[in-house]
Amino acid sequence: DKVYVVKIIMASEGNSIVFNVSKNELGNPNNNLKKMIKKLKGNYKFGLNKDEITREKMQMAGLMFFGAPRGLFSKSEFDAMKGHIEAGGKILVLMSEGGENKLGTNLNYLLEQFGISVNNDCVVRTSFYKYFHPKEALISNGILSQEVVRVGNSQPKEEKKKKPDSAFLSNFVGVRDEDGLKEDENGGLTYVYSFGSTLNV
């Protein structure tokens, strides 16, 4: 396997993804994320963080990617991550089945401050459908955000229709009915949730 060479990312660039590899992450661009990087290569620049996580390093990233870390974070690293999020920075956290216990990390400390925690369990489907392994669960209509569904289906951005000012006119014109149809048409995305754990939100 060739080692993926990353570019140095300037702080002003917003279309950059920095992969943290300082915590022995399962999701590592040198190993199992090569296909994703190849697809995103034309639109994004990539970087690696091999050192301690600081606010300055995180500001260089449009998105900071933590792909199932297998190490412990320090208090100063948590403070840097929390400050980065509160300042409008973006962080993507991936975990795997078994949660913190199996990975040997303490990342729930950060997630709990934002009302999320990863459970120490795994998702198992109760009936066979399409996929052989019971930990490969097919989720239908699993993403309810219309914007995420639109991007996932590669649909162009729609202009918002002007709604009537009063509730009476909304019912008369039928705008609320149109909104209901639109949600039914999108219906969310269908995807495979494999070897994952449940969340508390």
# chains A, B, ... in the order shown; residues from 1 in each chain; ligands from 1
>>> closest_atom_pairs(of="stretch 94-147 of chain A", to="stretch 26-39 of chain A", cutoff="10 Å", atoms="only C-alpha atoms", output="CSV")
residue,atom,partner,partner_atom,distance
A:Leu94,CA,A:Gly27,CA,8.0
A:Met95,CA,A:Leu26,CA,8.9
A:Ser96,CA,A:Leu26,CA,9.0
A:Leu103,CA,A:Leu26,CA,9.0
>>> select_by_dssp(residues="stretch 47-88 of chain A", states="helix (DSSP H, G or I)", output="list in words")
Arg55, Glu56, Lys57, Met58, Gln59, Lys75, Ser76, Glu77, Phe78, Asp79, Ala80, Met81, Lys82, Gly83, His84, Ile85 and Glu86 of chain A
>>> write_last_selection(atoms="C-alpha atoms", output="compact mmCIF listing (two decimals), in the first residue's frame")
# COMPACT_ATOMS: atom_id res chain seq x y z
CA ARG A 55 -7.28 24.90 19.18
CA GLU A 56 -4.78 26.36 16.71
CA LYS A 57 -4.46 23.07 14.83
CA MET A 58 -8.22 22.60 14.77
CA GLN A 59 -8.73 26.07 13.27
CA LYS A 75 -8.43 17.73 29.70
CA SER A 76 -6.64 20.35 27.59
CA GLU A 77 -7.59 18.46 24.39
CA PHE A 78 -11.24 18.33 25.48
CA ASP A 79 -11.15 22.05 26.22
CA ALA A 80 -9.71 22.73 22.75
CA MET A 81 -12.38 20.58 21.05
CA LYS A 82 -15.23 22.13 23.03
CA GLY A 83 -13.98 25.65 22.31
CA HIS A 84 -13.65 24.80 18.62
CA ILE A 85 -17.26 23.55 18.44
CA GLU A 86 -18.62 26.54 20.39
>>> residues_around(residues="A:Val192", least_positions_apart="6", cutoff="9 Å", atoms="only C-alpha atoms", output="ChimeraX atom specification")
/A:131,136-140
>>> residues_around(residues="A:His133", least_positions_apart="2", cutoff="12 Å", atoms="only C-alpha atoms", output="number ranges by chain")
A: 123-131, 135-138, 192-195
>>> write_last_selection(atoms="C-alpha atoms", output="short mmCIF file (atom, residue, chain, number, x, y, z; two decimals), in the first residue's frame")
data_model
loop_
_atom_site.label_atom_id
_atom_site.label_comp_id
_atom_site.auth_asym_id
_atom_site.auth_seq_id
_atom_site.Cartn_x
_atom_site.Cartn_y
_atom_site.Cartn_z
CA VAL A 123 -26.96 -2.71 16.96
CA VAL A 124 -28.30 -6.10 15.87
CA ARG A 125 -31.17 -6.53 13.44
CA THR A 126 -33.91 -8.92 14.49
CA SER A 127 -34.88 -10.22 11.05
CA PHE A 128 -32.91 -11.19 7.94
CA TYR A 129 -33.05 -8.71 5.06
CA LYS A 130 -30.48 -8.40 2.24
CA TYR A 131 -27.36 -8.63 4.41
CA LYS A 135 -24.74 -6.60 12.82
CA GLU A 136 -25.26 -5.18 9.31
CA ALA A 137 -28.63 -3.48 9.78
CA LEU A 138 -30.40 -1.93 6.81
CA VAL A 192 -26.47 0.05 6.06
CA TYR A 193 -25.52 0.66 9.69
CA SER A 194 -22.82 -1.94 10.22
CA PHE A 195 -21.08 -2.90 13.45
#
>>> atom_distance(atom1="atom CA of A:Gly152", atom2="atom CA of A:Met64")
20.6 Å
>>> select_by_dssp(residues="stretch 10-199 of chain A", states="strand (DSSP E or B)", output="VMD selection string")
chain A and resid 16 to 20 45 to 49 63 to 67 91 to 94 117 to 118 129 131 136 to 139 191 to 194 199
>>> atom_distance(atom1="atom CA of A:Val18", atom2="atom CA of A:Leu48")
5.4 Å
>>> residues_around(residues="A:Glu25", least_positions_apart="4", cutoff="7 Å", atoms="only C-alpha atoms", output="short mmCIF file (atom, residue, chain, number, x, y, z; two decimals) with N, CA, C and O atoms, in the first residue's frame")
data_model
loop_
_atom_site.label_atom_id
_atom_site.label_comp_id
_atom_site.auth_asym_id
_atom_site.auth_seq_id
_atom_site.Cartn_x
_atom_site.Cartn_y
_atom_site.Cartn_z
N VAL A 21 -4.99 11.33 13.90
CA VAL A 21 -4.43 9.97 14.03
C VAL A 21 -3.59 9.86 15.30
O VAL A 21 -2.88 8.88 15.48
N GLY A 67 -11.92 9.27 13.68
CA GLY A 67 -12.45 7.99 13.21
C GLY A 67 -12.25 6.86 14.20
O GLY A 67 -11.37 6.03 14.06
N ALA A 68 -13.10 6.82 15.24
CA ALA A 68 -13.07 5.79 16.28
C ALA A 68 -11.72 5.77 17.01
O ALA A 68 -10.92 4.84 16.87
N PRO A 69 -11.46 6.80 17.81
CA PRO A 69 -10.18 6.88 18.53
C PRO A 69 -10.05 5.75 19.56
O PRO A 69 -11.00 5.35 20.20
N ARG A 70 -8.80 5.25 19.69
CA ARG A 70 -8.51 4.17 20.64
C ARG A 70 -7.51 4.61 21.69
O ARG A 70 -6.70 3.82 22.17
#
>>> residues_around(residues="A:Asn101", least_positions_apart="6", cutoff="12 Å", atoms="only C-alpha atoms", output="count of residues only")
14
>>> atom_distance(atom1="atom CA of A:Val151", atom2="atom CA of A:Gly89")
20.7 Å
>>> residues_around(residues="A:Ser22", least_positions_apart="3", cutoff="8 Å", atoms="only C-alpha atoms", output="list in words")
Glu25, Asn49, Lys50, Asp51 and Glu52 of chain A
>>> write_last_selection(atoms="C-alpha atoms", output="mmCIF file, in the first residue's frame")
data_model
loop_
_atom_site.group_PDB
_atom_site.id
_atom_site.type_symbol
_atom_site.label_atom_id
_atom_site.label_comp_id
_atom_site.auth_asym_id
_atom_site.auth_seq_id
_atom_site.Cartn_x
_atom_site.Cartn_y
_atom_site.Cartn_z
ATOM 1 C CA GLU A 25 -7.894 5.753 15.287
ATOM 2 C CA ASN A 49 -2.828 15.541 12.969
ATOM 3 C CA LYS A 50 -0.326 13.257 14.695
ATOM 4 C CA ASP A 51 0.326 15.473 17.719
ATOM 5 C CA GLU A 52 -1.636 16.750 20.691
#
